[in-house]
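Structure file final-v4.cif; described as mmCIF, C-alpha atoms and all ligand atoms.
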data_input
loop_
_atom_site.label_atom_id
_atom_site.label_comp_id
_atom_site.auth_asym_id
_atom_site.auth_seq_id
_atom_site.Cartn_x
_atom_site.Cartn_y
_atom_site.Cartn_z
CA MET A 1 38.53 46.87 123.26
CA ALA A 2 37.07 49.37 125.68
CA GLN A 3 38.57 52.85 125.96
CA PRO A 4 38.71 53.87 129.66
CA PRO A 5 36.23 56.68 130.42
CA PRO A 6 37.72 60.19 130.01
CA ASP A 7 37.25 61.12 133.66
CA LEU A 8 39.24 58.11 134.82
CA LEU A 9 42.00 58.86 132.32
CA ALA A 10 42.09 62.44 133.62
CA THR A 11 42.47 61.11 137.18
CA ARG A 12 45.35 58.88 136.07
CA HIS A 13 47.05 61.86 134.38
CA ALA A 14 46.63 63.91 137.54
CA ARG A 15 48.20 61.20 139.70
CA VAL A 16 51.24 60.89 137.49
CA ARG A 17 51.53 64.68 137.17
CA THR A 18 51.58 64.89 140.96
CA ALA A 19 54.41 62.36 140.95
CA LEU A 20 56.26 64.46 138.35
CA GLY A 21 56.00 67.48 140.62
CA ARG A 22 57.29 65.46 143.55
CA GLU A 23 60.31 64.36 141.51
CA GLY A 24 60.97 67.89 140.25
CA LEU A 25 60.37 66.91 136.62
CA ASP A 26 58.80 69.15 133.97
CA ALA A 27 57.86 66.24 131.73
CA LEU A 28 58.08 62.47 131.51
CA VAL A 29 58.83 60.47 128.39
CA VAL A 30 56.78 57.29 128.77
CA LEU A 31 58.20 54.33 126.86
CA HIS A 32 56.68 51.24 128.48
CA GLN A 33 53.65 50.09 126.51
CA PRO A 34 51.47 49.13 129.52
CA ASN A 35 52.12 52.58 130.98
CA ILE A 36 51.12 54.18 127.66
CA ARG A 37 47.95 52.13 127.60
CA TYR A 38 47.17 53.09 131.19
CA LEU A 39 47.49 56.80 130.43
CA THR A 40 45.80 56.92 127.03
CA GLY A 41 43.91 53.71 126.24
CA PHE A 42 46.22 53.19 123.24
CA ALA A 43 46.72 49.44 122.93
CA GLY A 44 48.96 49.20 119.86
CA SER A 45 52.46 47.78 119.98
CA THR A 46 54.51 50.95 119.60
CA ALA A 47 54.18 54.55 120.72
CA ILE A 48 55.88 57.15 122.91
CA VAL A 49 53.99 59.43 125.28
CA ILE A 50 55.21 62.73 126.65
CA LEU A 51 53.33 63.82 129.76
CA ALA A 52 53.83 67.32 131.16
CA PRO A 53 51.69 69.52 133.39
CA ASP A 54 49.93 71.01 130.36
CA GLU A 55 50.78 68.48 127.67
CA LEU A 56 49.89 64.94 126.73
CA VAL A 57 51.45 63.93 123.44
CA LEU A 58 51.26 60.51 121.83
CA VAL A 59 53.81 59.76 119.12
CA THR A 60 52.91 56.84 116.89
CA ASP A 61 53.39 55.61 113.35
CA GLY A 62 51.21 55.11 110.31
CA ARG A 63 49.94 51.72 111.45
CA TYR A 64 48.07 53.32 114.33
CA VAL A 65 47.28 56.88 113.23
CA THR A 66 43.68 56.17 112.23
CA GLU A 67 42.99 54.28 115.44
CA VAL A 68 44.38 57.12 117.52
CA GLU A 69 42.47 59.77 115.56
CA THR A 70 39.15 57.95 115.65
CA ARG A 71 39.16 56.06 118.96
CA VAL A 72 41.94 57.03 121.34
CA ALA A 73 42.30 60.81 121.04
CA PRO A 74 38.55 61.61 121.17
CA GLY A 75 38.27 59.78 124.51
CA CYS A 76 41.52 60.90 126.13
CA PRO A 77 41.49 64.37 127.70
CA GLY A 78 44.13 66.69 126.22
CA LEU A 79 45.75 64.07 123.99
CA ARG A 80 47.63 65.42 120.99
CA LEU A 81 48.83 63.08 118.24
CA VAL A 82 52.26 63.54 116.71
CA LYS A 83 53.00 61.29 113.73
CA VAL A 84 56.35 59.56 113.46
CA ASP A 85 58.62 61.25 110.91
CA PRO A 86 60.86 59.58 109.94
CA THR A 87 61.67 57.48 113.06
CA TYR A 88 60.38 57.39 116.64
CA ASP A 89 63.52 58.75 118.22
CA ALA A 90 64.00 61.46 115.58
CA THR A 91 60.41 62.54 116.19
CA LEU A 92 60.91 62.50 119.95
CA ALA A 93 64.14 64.48 119.69
CA ALA A 94 62.50 67.04 117.40
CA PHE A 95 59.60 67.42 119.81
CA LEU A 96 61.87 67.81 122.84
CA ARG A 97 64.04 70.34 121.03
CA GLY A 98 61.00 72.53 120.63
CA PHE A 99 59.67 71.89 124.13
CA ASP A 100 61.30 74.48 126.33
CA VAL A 101 61.59 72.77 129.70
CA PRO A 102 64.82 71.86 131.44
CA ARG A 103 63.96 68.72 133.38
CA VAL A 104 62.68 65.93 131.15
CA GLY A 105 62.48 62.51 132.78
CA PHE A 106 62.41 59.26 130.88
CA GLU A 107 61.56 55.71 131.87
CA SER A 108 65.10 54.50 132.33
CA ALA A 109 64.03 50.86 132.77
CA HIS A 110 62.64 50.91 129.24
CA LEU A 111 65.28 52.63 127.10
CA THR A 112 68.34 50.87 125.78
CA VAL A 113 71.74 52.45 126.32
CA LYS A 114 72.06 52.81 122.54
CA ARG A 115 68.82 54.78 122.23
CA PHE A 116 69.65 56.86 125.30
CA GLU A 117 73.00 57.84 123.86
CA ALA A 118 71.49 58.69 120.47
CA LEU A 119 68.77 60.82 122.06
CA THR A 120 71.24 62.58 124.33
CA ALA A 121 73.43 63.36 121.33
CA ALA A 122 70.42 64.62 119.35
CA LEU A 123 69.44 66.94 122.19
CA ARG A 124 72.91 68.27 122.94
CA ASP A 125 73.38 71.91 122.00
CA THR A 126 69.65 72.48 121.84
CA PRO A 127 69.36 76.26 122.25
CA SER A 128 65.78 76.16 123.50
CA ARG A 129 66.67 73.80 126.35
CA ARG A 130 68.69 74.96 129.28
CA ALA A 131 69.83 71.43 130.08
CA GLY A 132 70.35 68.93 127.32
CA ALA A 133 70.34 65.73 129.34
CA LEU A 134 67.46 63.39 129.96
CA ILE A 135 66.85 62.50 133.59
CA PRO A 136 66.33 58.84 134.55
CA ALA A 137 62.99 58.29 136.25
CA GLU A 138 61.54 55.10 137.68
CA ARG A 139 58.15 53.74 138.64
CA LEU A 140 56.19 56.98 138.22
CA VAL A 141 53.38 55.35 136.24
CA GLU A 142 53.86 51.90 137.78
CA ALA A 143 53.24 53.33 141.25
CA ALA A 144 49.96 54.88 140.09
CA ARG A 145 48.90 51.56 138.57
CA ILE A 146 49.12 49.64 141.86
CA ARG A 147 45.75 50.85 143.07
CA LYS A 148 43.15 49.95 140.46
CA ASP A 149 40.32 52.32 139.61
CA ALA A 150 36.65 51.43 139.24
CA VAL A 151 36.80 50.36 135.60
CA GLU A 152 39.93 48.30 136.14
CA LEU A 153 38.34 46.53 139.10
CA GLU A 154 35.22 45.75 137.12
CA THR A 155 37.38 44.30 134.34
CA LEU A 156 39.47 42.25 136.76
CA ARG A 157 36.41 40.92 138.59
CA ARG A 158 34.89 39.84 135.29
CA ALA A 159 38.19 38.30 134.20
CA GLY A 160 38.44 36.44 137.51
CA ALA A 161 34.99 34.96 137.01
CA LEU A 162 35.83 33.96 133.44
CA ILE A 163 39.13 32.27 134.31
CA SER A 164 37.38 30.45 137.14
CA ALA A 165 34.87 29.04 134.65
CA VAL A 166 37.75 27.99 132.40
CA ALA A 167 39.52 26.35 135.35
CA ARG A 168 36.48 24.33 136.37
CA LYS A 169 36.18 22.95 132.83
CA VAL A 170 39.91 22.28 132.59
CA LEU A 171 40.02 20.40 135.88
CA GLY A 172 37.05 18.31 134.83
CA GLY A 173 38.95 17.16 131.73
CA VAL A 174 42.34 16.13 133.15
CA ARG A 175 42.96 12.36 132.81
CA ALA A 176 45.77 9.86 133.37
CA GLY A 177 47.55 9.11 130.09
CA GLN A 178 47.37 12.62 128.64
CA ARG A 179 50.65 14.25 127.77
CA GLU A 180 51.52 17.52 129.49
CA TRP A 181 51.47 19.47 126.23
CA GLU A 182 48.06 18.05 125.34
CA VAL A 183 46.62 19.31 128.60
CA ALA A 184 48.29 22.69 128.02
CA ALA A 185 46.86 22.90 124.49
CA ASP A 186 43.40 22.15 125.87
CA ILE A 187 43.82 24.88 128.49
CA ASP A 188 44.92 27.46 125.91
CA ASP A 189 41.98 26.58 123.69
CA ARG A 190 39.56 26.92 126.58
CA ILE A 191 41.09 30.27 127.55
CA ARG A 192 40.35 31.65 124.08
CA ARG A 193 36.88 30.11 123.91
CA GLY A 194 36.25 31.34 127.44
CA GLY A 195 36.28 34.99 126.40
CA PHE A 196 39.97 35.91 126.67
CA GLU A 197 42.09 37.64 124.03
CA ARG A 198 44.92 35.23 124.69
CA PRO A 199 46.74 33.33 127.43
CA ALA A 200 48.52 35.72 129.78
CA PHE A 201 51.74 33.64 129.76
CA ASP A 202 52.97 30.24 128.66
CA THR A 203 50.65 27.73 130.33
CA ILE A 204 52.36 25.44 132.84
CA VAL A 205 51.41 21.77 133.15
CA ALA A 206 53.96 20.01 135.34
CA SER A 207 53.32 16.39 136.28
CA GLY A 208 55.00 14.17 138.84
CA PRO A 209 58.64 15.10 139.39
CA ASN A 210 58.36 17.96 136.87
CA GLY A 211 56.18 19.73 139.41
CA ALA A 212 59.32 20.45 141.44
CA LEU A 213 60.18 23.11 138.83
CA PRO A 214 57.97 26.12 139.59
CA HIS A 215 58.03 27.30 135.94
CA ALA A 216 58.26 23.97 134.14
CA ARG A 217 57.43 23.82 130.43
CA PRO A 218 54.83 21.25 129.38
CA GLY A 219 56.50 18.33 127.66
CA GLU A 220 55.93 14.80 126.39
CA ARG A 221 55.47 13.20 129.80
CA ARG A 222 52.16 11.41 130.31
CA LEU A 223 50.18 11.92 133.50
CA GLU A 224 50.51 8.80 135.65
CA PRO A 225 48.63 7.45 138.65
CA GLY A 226 50.33 8.79 141.77
CA ASP A 227 51.29 12.11 140.15
CA LEU A 228 50.54 15.50 141.50
CA VAL A 229 50.03 17.81 138.52
CA VAL A 230 50.50 21.60 138.73
CA LEU A 231 48.30 23.50 136.24
CA ASP A 232 49.06 27.23 136.09
CA PHE A 233 47.42 29.42 133.48
CA GLY A 234 45.96 32.85 132.91
CA GLY A 235 44.15 34.99 130.42
CA VAL A 236 44.15 38.55 129.14
CA TYR A 237 40.71 40.11 129.18
CA ASP A 238 40.31 43.59 127.73
CA GLY A 239 44.00 44.10 128.38
CA TYR A 240 43.96 42.87 132.00
CA CYS A 241 45.65 39.69 133.25
CA VAL A 242 44.37 37.06 135.64
CA ASP A 243 46.35 34.09 136.87
CA ILE A 244 45.31 30.84 138.57
CA THR A 245 46.95 27.57 139.64
CA ARG A 246 45.48 24.32 140.83
CA THR A 247 47.29 21.11 141.68
CA VAL A 248 45.44 17.85 141.11
CA SER A 249 46.20 14.27 142.07
CA VAL A 250 46.07 11.52 139.45
CA GLY A 251 44.49 8.72 141.44
CA THR A 252 44.45 8.57 145.21
CA PRO A 253 47.20 10.79 146.64
CA GLY A 254 49.93 9.27 148.78
CA VAL A 255 50.47 10.34 152.37
CA GLU A 256 53.29 12.77 151.47
CA ALA A 257 51.30 14.31 148.60
CA ARG A 258 48.35 14.89 150.91
CA ARG A 259 50.58 16.35 153.60
CA VAL A 260 52.30 18.80 151.26
CA TYR A 261 49.01 19.78 149.63
CA ASP A 262 47.34 20.49 152.94
CA ALA A 263 50.28 22.58 154.11
CA VAL A 264 50.24 24.72 150.94
CA ALA A 265 46.46 25.14 151.18
CA ALA A 266 46.79 26.25 154.80
CA ALA A 267 49.58 28.65 153.83
CA GLN A 268 47.37 30.21 151.18
CA LEU A 269 44.49 30.67 153.60
CA ALA A 270 46.82 32.21 156.17
CA ALA A 271 48.17 34.66 153.59
CA VAL A 272 44.72 35.70 152.40
CA GLY A 273 43.71 36.03 156.05
CA ALA A 274 46.50 38.58 156.52
CA VAL A 275 45.23 40.79 153.69
CA GLN A 276 43.64 44.02 154.81
CA PRO A 277 44.08 47.71 154.11
CA SER A 278 47.37 49.03 155.48
CA ALA A 279 48.88 45.54 156.01
CA ALA A 280 52.46 45.33 154.78
CA VAL A 281 52.87 43.07 151.76
CA THR A 282 55.76 41.44 153.57
CA ASP A 283 53.37 40.39 156.34
CA VAL A 284 51.15 38.63 153.80
CA ASP A 285 54.20 36.76 152.56
CA GLU A 286 55.29 36.02 156.11
CA ALA A 287 51.89 34.51 156.94
CA ALA A 288 52.26 31.94 154.15
CA ARG A 289 55.93 31.29 154.85
CA ALA A 290 55.34 30.68 158.57
CA VAL A 291 52.80 27.92 157.84
CA LEU A 292 55.12 26.17 155.40
CA GLU A 293 58.03 26.49 157.80
CA ALA A 294 55.94 24.95 160.56
CA HIS A 295 55.41 21.96 158.25
CA GLY A 296 59.12 21.68 157.50
CA LEU A 297 58.56 23.05 154.00
CA GLY A 298 60.13 26.50 154.37
CA SER A 299 63.05 25.76 152.07
CA ALA A 300 60.69 24.14 149.55
CA PHE A 301 58.89 27.47 149.06
CA SER A 302 61.29 29.08 146.65
CA HIS A 303 59.45 32.15 145.36
CA ALA A 304 57.43 35.11 146.55
CA THR A 305 53.88 34.59 147.78
CA GLY A 306 52.40 36.71 145.03
CA HIS A 307 52.54 39.58 142.59
CA GLY A 308 50.34 42.39 141.40
CA LEU A 309 48.10 41.86 138.40
CA GLY A 310 46.78 44.31 135.87
CA LEU A 311 47.92 45.39 132.43
CA GLU A 312 50.91 43.12 133.08
CA ILE A 313 50.93 39.59 134.44
CA HIS A 314 53.64 40.49 136.91
CA GLU A 315 53.47 44.02 138.25
CA GLU A 316 53.66 45.77 141.58
CA PRO A 317 53.29 45.06 144.39
CA ARG A 318 55.73 42.24 144.86
CA VAL A 319 54.28 40.21 147.72
CA GLY A 320 57.51 38.74 148.92
CA PRO A 321 59.73 38.44 151.95
CA ARG A 322 61.58 41.32 153.51
CA ARG A 323 64.93 41.71 151.86
CA ALA A 324 67.92 43.96 152.03
CA ASP A 325 68.19 46.75 149.48
CA ILE A 326 69.80 45.74 146.22
CA PRO A 327 71.77 48.60 144.64
CA GLY A 328 69.94 49.81 141.53
CA VAL A 329 66.81 47.78 142.26
CA PRO A 330 63.82 49.59 143.73
CA PRO A 331 62.94 48.14 147.14
CA ALA A 332 59.68 46.87 145.66
CA GLY A 333 57.61 45.16 148.26
CA ARG A 334 59.81 45.85 151.23
CA ASP A 335 57.70 48.49 152.87
CA ASP A 336 54.71 48.53 150.55
CA ARG A 337 51.39 48.74 152.32
CA LEU A 338 48.18 47.39 150.93
CA GLU A 339 45.27 49.69 150.26
CA PRO A 340 41.80 49.21 148.80
CA GLY A 341 41.92 48.50 145.08
CA VAL A 342 45.25 46.65 145.06
CA VAL A 343 44.96 43.38 143.11
CA PHE A 344 47.47 40.55 143.43
CA THR A 345 47.96 36.80 143.44
CA VAL A 346 48.38 34.61 146.49
CA GLU A 347 50.29 31.56 145.31
CA PRO A 348 52.35 29.70 147.87
CA GLY A 349 53.98 26.48 146.73
CA ALA A 350 56.26 23.69 147.82
CA TYR A 351 58.76 22.14 145.40
CA LEU A 352 60.53 18.91 146.31
CA PRO A 353 63.11 17.69 143.77
CA GLY A 354 62.49 14.07 142.79
CA PHE A 355 59.01 14.12 144.28
CA GLY A 356 57.10 16.95 142.67
CA GLY A 357 55.34 20.11 143.66
CA VAL A 358 52.20 21.80 144.81
CA ARG A 359 51.08 25.34 144.08
CA ILE A 360 47.69 26.88 144.72
CA GLU A 361 47.11 30.34 143.25
CA ASP A 362 44.18 32.72 143.42
CA ASP A 363 43.71 36.40 142.68
CA VAL A 364 42.45 38.78 145.33
CA VAL A 365 41.56 42.44 145.72
CA VAL A 366 41.98 44.52 148.85
CA THR A 367 38.65 46.08 149.86
CA GLU A 368 37.80 48.82 152.37
CA SER A 369 37.18 46.16 155.01
CA GLY A 370 39.49 43.30 154.02
CA VAL A 371 39.76 41.18 150.93
CA ASP A 372 37.68 39.66 148.12
CA TRP A 373 38.65 36.63 146.08
CA LEU A 374 38.50 37.32 142.33
CA THR A 375 38.87 33.65 141.45
CA ASP A 376 36.42 31.04 142.68
CA VAL A 377 37.39 27.42 142.08
CA PRO A 378 37.34 24.64 144.73
CA ARG A 379 40.65 24.54 146.56
CA GLU A 380 40.40 21.03 147.97
CA LEU A 381 42.73 18.50 146.38
CA LEU A 382 40.93 17.24 143.29
CA VAL A 383 41.47 13.58 142.45
CA VAL A 384 41.21 12.86 138.72
N1 LIG B 401 52.76 31.53 136.04
C1 LIG B 401 53.27 32.70 136.51
C2 LIG B 401 52.86 33.03 137.85
O1 LIG B 401 52.01 32.39 138.45
O2 LIG B 401 53.31 33.97 138.40
MN MN B 402 51.17 34.20 139.43
MN MN B 403 50.25 31.58 137.75
#
Turn this file's structure into structure tokens for me.
Amino acid sequence: MAQPPPDLLATRHARVRTALGREGLDALVVLHQPNIRYLTGFAGSTAIVILAPDELVLVTDGRYVTEVETRVAPGCPGLRLVKVDPTYDATLAAFLRGFDVPRVGFESAHLTVKRFEALTAALRDTPSRRAGALIPAERLVEAARIRKDAVELETLRRAGALISAVARKVLGGVRAGQREWEVAADIDDRIRRGGFERPAFDTIVASGPNGALPHARPGERRLEPGDLVVLDFGGVYDGYCVDITRTVSVGTPGVEARRVYDAVAAAQLAAVGAVQPSAAVTDVDEAARAVLEAHGLGSAFSHATGHGLGLEIHEEPRVGPRRADIPGVPPAGRDDRLEPGVVFTVEPGAYLPGFGGVRIEDDVVVTESGVDWLTDVPRELLVV
């Protein structure tokens, strides 16, 4: 597992510290593991990070102390290890009691009400702190993660090439008579043998009518002549997720299958064609949606056109339609603009209950001049 270079970590710290300043915060308690990994390179399951203008503290427990001392801290500018004693939240509360700043933010999307109340109680009446409360903060690290840096892009490009190689082998092996779960097991095996740490999510193999469920679970059904089969899978490579979908036809496709497939393929090309620096993500979604609507498939396209990829399989930006604000939900995607280094999926689909479905998904990166595909697998309808 590669530790990000120190200069890139320092740049990430600076970006989030700028965001702290903008929000009027003196420190941020980082609780979401992918955010912790982004800021420090620490890839274990549990830790807490406190980031302040002059502080970067990583709290972790005995399982990870040696790893942090030998690998993470030496490569992470300014990182100070604090060992858990006796629990995470007691250690955090003790640290914050001794840390004399009034405005401490915390990742409110990643702290249970129970923990929040316990921490607030532990910090109440702290003489060294002028204000005892923790301040909810949202998306400070997530926003920095949208635009990938050089090392992240290199990792994602490599991962895109690897998952493409896996996909070509998978597609070459699909046969009538196989059960959905057998195909899924073969995919997962190939993902691991293909250089990935693990599948990025539960592999989807949805045949015939099951294809009408965008997130179907592979079951006992056997692939039959006349089926369209949606195969959606991804891998985690050095911590980074890639995600691809192809839809194949078992035997010669019928007229309707061909029509729906061609419409989805055209929608995907239209969406990728709309990708360029400063384009609104909603315009990318609109490009795909307009094609499907023109084919009478607008209502069959029941999800967003895509999502960001990185340390998480679904992250910002949300490449979806314009929508009204939802109270308490950040307006992710509504006015987001693309910029070079943003990586996301383009995955339009059409889902027709009783008939089946088509989805075609690739991963792309916004470049200075337009867009590059990270995945490279034929997009014509494959007949198996
Ligand atoms: N299979 C999850 C996705 O494509 O978003
Ligand atoms: Mn996806
Ligand atoms: Mn997918």
Set out as CSV a contact list for chain A and ligand MN 402 (chain B) with a cut-off of 12 Å, giving each residue of chain A that qualifies its closest atom pair and distance in Å to one decimal, counting all atoms listed in the file, ordered by chain and rising residue number.
residue,atom,partner,partner_atom,distance
A:Ala200,CA,B:MN402,MN,10.1
A:Phe201,CA,B:MN402,MN,9.7
A:Asp202,CA,B:MN402,MN,11.6
A:Thr203,CA,B:MN402,MN,11.2
A:Ile204,CA,B:MN402,MN,11.0
A:Pro214,CA,B:MN402,MN,10.6
A:His215,CA,B:MN402,MN,10.3
A:Leu231,CA,B:MN402,MN,11.5
A:Asp232,CA,B:MN402,MN,8.0
A:Phe233,CA,B:MN402,MN,8.5
A:Gly234,CA,B:MN402,MN,8.5
A:Gly235,CA,B:MN402,MN,11.4
A:Cys241,CA,B:MN402,MN,9.9
A:Val242,CA,B:MN402,MN,8.3
A:Asp243,CA,B:MN402,MN,5.5
A:Ile244,CA,B:MN402,MN,6.8
A:Thr245,CA,B:MN402,MN,7.9
A:Arg246,CA,B:MN402,MN,11.5
A:His303,CA,B:MN402,MN,10.4
A:Ala304,CA,B:MN402,MN,9.5
A:Thr305,CA,B:MN402,MN,8.8
A:Gly306,CA,B:MN402,MN,6.3
A:His307,CA,B:MN402,MN,6.4
A:Gly308,CA,B:MN402,MN,8.5
A:Leu309,CA,B:MN402,MN,8.3
A:Gly310,CA,B:MN402,MN,11.6
A:Glu312,CA,B:MN402,MN,11.0
A:Ile313,CA,B:MN402,MN,7.3
A:His314,CA,B:MN402,MN,7.2
A:Glu315,CA,B:MN402,MN,10.2
A:Arg318,CA,B:MN402,MN,10.7
A:Val319,CA,B:MN402,MN,10.7
A:Val343,CA,B:MN402,MN,11.7
A:Phe344,CA,B:MN402,MN,8.4
A:Thr345,CA,B:MN402,MN,5.8
A:Val346,CA,B:MN402,MN,7.6
A:Glu347,CA,B:MN402,MN,6.5
A:Pro348,CA,B:MN402,MN,9.6
A:Gly349,CA,B:MN402,MN,11.0
A:Arg359,CA,B:MN402,MN,10.0
A:Ile360,CA,B:MN402,MN,9.7
A:Glu361,CA,B:MN402,MN,6.8
A:Asp362,CA,B:MN402,MN,8.2
A:Asp363,CA,B:MN402,MN,8.4
A:Val364,CA,B:MN402,MN,11.5
**Prompt:** Pick the closest to ligand LIG 401 (chain B) from A:Leu39, A:Val205, A:Val30, A:Leu111: which is it, counting only C-alpha atoms and all ligand atoms?
**Reply:**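 Nearest to ligand LIG 401 (chain B): A:Val205.
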**Request:** Rounded to one decimal place, report the CA of Glu152 in chain A-CA of Gly41 in chain A distance in Å.
**Result:** 12.0 Å
**Request:** Find the residues around Asp372 in chain A up to 10 Å (all atoms listed in the file counted), leave out those fewer than 4 positions away in its own chain, and share them as a list in words.
**Result:**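 Contacts, in chain order: Arg157, Val272, Val275, Gln276, Val343, Asp363, Val364, Val365, Val366 and Thr367 of chain A.
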**Request:** Just give me the gap between CA of Gly356 in chain A and CA of Val291 in chain A in Å, one decimal is fine.
**Result:** 19.2 Å
**Prompt:** Near range 113-120 of chain A, counting all atoms listed in the file, which residues have an atom at most 8 Å away, once you skip same-chain residues fewer than 4 positions from it, shown as a PyMOL selection string?
**Reply:** chain A and resi 89+93+124+132-134
**Message:** Quick one: residues within 10 Å of range 96-99 of chain A, all atoms listed in the file, excluding same-chain residues fewer than 2 positions away - as a list in words?
**Reply:** Ala27, Val29, Ile50, Ala90, Thr91, Leu92, Ala93, Ala94, Val101, Pro102, Val104, Leu119, Ala122, Leu123, Arg124, Asp125, Thr126, Pro127, Ser128, Arg129 and Gly132 of chain A
**Prompt:** What would the list of residues within 8 Å of (52.3, 45.6, 156.7) (file frame) look like as a ChimeraX atom specification, if only C-alpha atoms are what count?
**Reply:** /A:278-284,335-338
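If you measure from each of A:Asp227, A:Glu138, A:Glu380, A:Glu293 to Leu25 in chain A using all atoms listed in the file, the closest one turns out to be A:Glu138.
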**Message:** Using all atoms listed in the file, can you tell me which of A:Leu213, A:Leu162, A:Leu51, A:Val84 comes closest to ligand LIG 401 (chain B)?
**Reply:**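 Using all atoms listed in the file, ligand LIG 401 (chain B) sits closest to A:Leu213.
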**Message:** Rounded to one decimal, what separation in Å do you get between CA of Val377 in chain A and CA of Leu269 in chain A?
**Reply:**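 That distance, rounded to one decimal, is 13.9 Å.
Of the listed residues (A:Ala265, A:Ala216, A:Val371, A:Val250), A:Ala216 comes nearest to ligand LIG 401 (chain B); the distances count all atoms listed in the file.
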**Asked** Do you know which residues are at most 9 Å from Asp376 in chain A counting all atoms listed in the file, after dropping those on the same chain fewer than 6 positions away, and could you put them as a list of chain:residue names?
**Response**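 Answer for this query is A:Gly160, A:Ala161, A:Ile163, A:Ser164, A:Ala165, A:Asp362.
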Store the residues picked out above, limited to C-alpha atoms, as a PDB file, in the coordinates of the input.
ATOM      1  CA  GLY A 160      38.440  36.440 137.510  1.00  0.00           C
ATOM      2  CA  ALA A 161      34.990  34.960 137.010  1.00  0.00           C
ATOM      3  CA  ILE A 163      39.130  32.270 134.310  1.00  0.00           C
ATOM      4  CA  SER A 164      37.380  30.450 137.140  1.00  0.00           C
ATOM      5  CA  ALA A 165      34.870  29.040 134.650  1.00  0.00           C
ATOM      6  CA  ASP A 362      44.180  32.720 143.420  1.00  0.00           C
TER       7      ASP A 362
END
**Fill in**
Using only C-alpha atoms, the shortest atom-to-atom distance to Pro34 in chain A among A:Arg63, A:His295, A:Arg17, A:His110 belongs to A:His110
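Proximity to ligand MN 403 (chain B) was assessed for A:Leu311, A:Gly239, A:Pro199, A:Pro378 counting all atoms listed in the file; the smallest distance is recorded for A:Pro199.
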**Residues within 12 Å of Val248 in chain A, all atoms listed in the file, excluding chain neighbours under 5 positions, as a ChimeraX atom specification** = /A:167,170-176,205-208,211,223-232,253,257-258,261,356-360,378-384
Pull range 69-82 of chain A out of the block and emit N, CA and C atoms, as a PDB file, in the first residue's frame.
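Below you can see out.pdb, which holds the result:
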ATOM      1  N   GLU A  69       3.622   4.516  13.476  1.00  0.00           N
ATOM      2  CA  GLU A  69       4.970   4.975  13.847  1.00  0.00           C
ATOM      3  C   GLU A  69       5.985   4.711  12.743  1.00  0.00           C
ATOM      4  N   THR A  70       5.832   3.565  12.069  1.00  0.00           N
ATOM      5  CA  THR A  70       6.878   3.188  11.110  1.00  0.00           C
ATOM      6  C   THR A  70       6.579   3.642   9.686  1.00  0.00           C
ATOM      7  N   ARG A  71       5.301   3.704   9.308  1.00  0.00           N
ATOM      8  CA  ARG A  71       4.994   3.989   7.903  1.00  0.00           C
ATOM      9  C   ARG A  71       4.270   5.315   7.693  1.00  0.00           C
ATOM     10  N   VAL A  72       3.242   5.565   8.520  1.00  0.00           N
ATOM     11  CA  VAL A  72       2.374   6.711   8.241  1.00  0.00           C
ATOM     12  C   VAL A  72       3.023   8.016   8.710  1.00  0.00           C
ATOM     13  N   ALA A  73       3.389   8.075   9.986  1.00  0.00           N
ATOM     14  CA  ALA A  73       3.895   9.346  10.534  1.00  0.00           C
ATOM     15  C   ALA A  73       5.170   9.819   9.833  1.00  0.00           C
ATOM     16  N   PRO A  74       6.129   8.927   9.517  1.00  0.00           N
ATOM     17  CA  PRO A  74       7.347   9.428   8.872  1.00  0.00           C
ATOM     18  C   PRO A  74       7.088  10.084   7.515  1.00  0.00           C
ATOM     19  N   GLY A  75       5.977   9.705   6.854  1.00  0.00           N
ATOM     20  CA  GLY A  75       5.714  10.252   5.522  1.00  0.00           C
ATOM     21  C   GLY A  75       4.642  11.321   5.504  1.00  0.00           C
ATOM     22  N   CYS A  76       4.135  11.701   6.663  1.00  0.00           N
ATOM     23  CA  CYS A  76       3.009  12.647   6.694  1.00  0.00           C
ATOM     24  C   CYS A  76       3.428  13.912   7.447  1.00  0.00           C
ATOM     25  N   PRO A  77       3.587  15.025   6.737  1.00  0.00           N
ATOM     26  CA  PRO A  77       4.128  16.234   7.359  1.00  0.00           C
ATOM     27  C   PRO A  77       3.337  16.659   8.596  1.00  0.00           C
ATOM     28  N   GLY A  78       4.040  16.811   9.714  1.00  0.00           N
ATOM     29  CA  GLY A  78       3.444  17.360  10.931  1.00  0.00           C
ATOM     30  C   GLY A  78       2.609  16.393  11.728  1.00  0.00           C
ATOM     31  N   LEU A  79       2.508  15.141  11.298  1.00  0.00           N
ATOM     32  CA  LEU A  79       1.584  14.223  11.988  1.00  0.00           C
ATOM     33  C   LEU A  79       2.114  13.827  13.362  1.00  0.00           C
ATOM     34  N   ARG A  80       1.235  13.923  14.346  1.00  0.00           N
ATOM     35  CA  ARG A  80       1.558  13.520  15.714  1.00  0.00           C
ATOM     36  C   ARG A  80       0.602  12.404  16.114  1.00  0.00           C
ATOM     37  N   LEU A  81       1.156  11.310  16.626  1.00  0.00           N
ATOM     38  CA  LEU A  81       0.341  10.169  17.049  1.00  0.00           C
ATOM     39  C   LEU A  81      -0.071  10.323  18.506  1.00  0.00           C
ATOM     40  N   VAL A  82      -1.351  10.116  18.757  1.00  0.00           N
ATOM     41  CA  VAL A  82      -1.844  10.023  20.136  1.00  0.00           C
ATOM     42  C   VAL A  82      -2.484   8.652  20.276  1.00  0.00           C
TER      43      VAL A  82
END
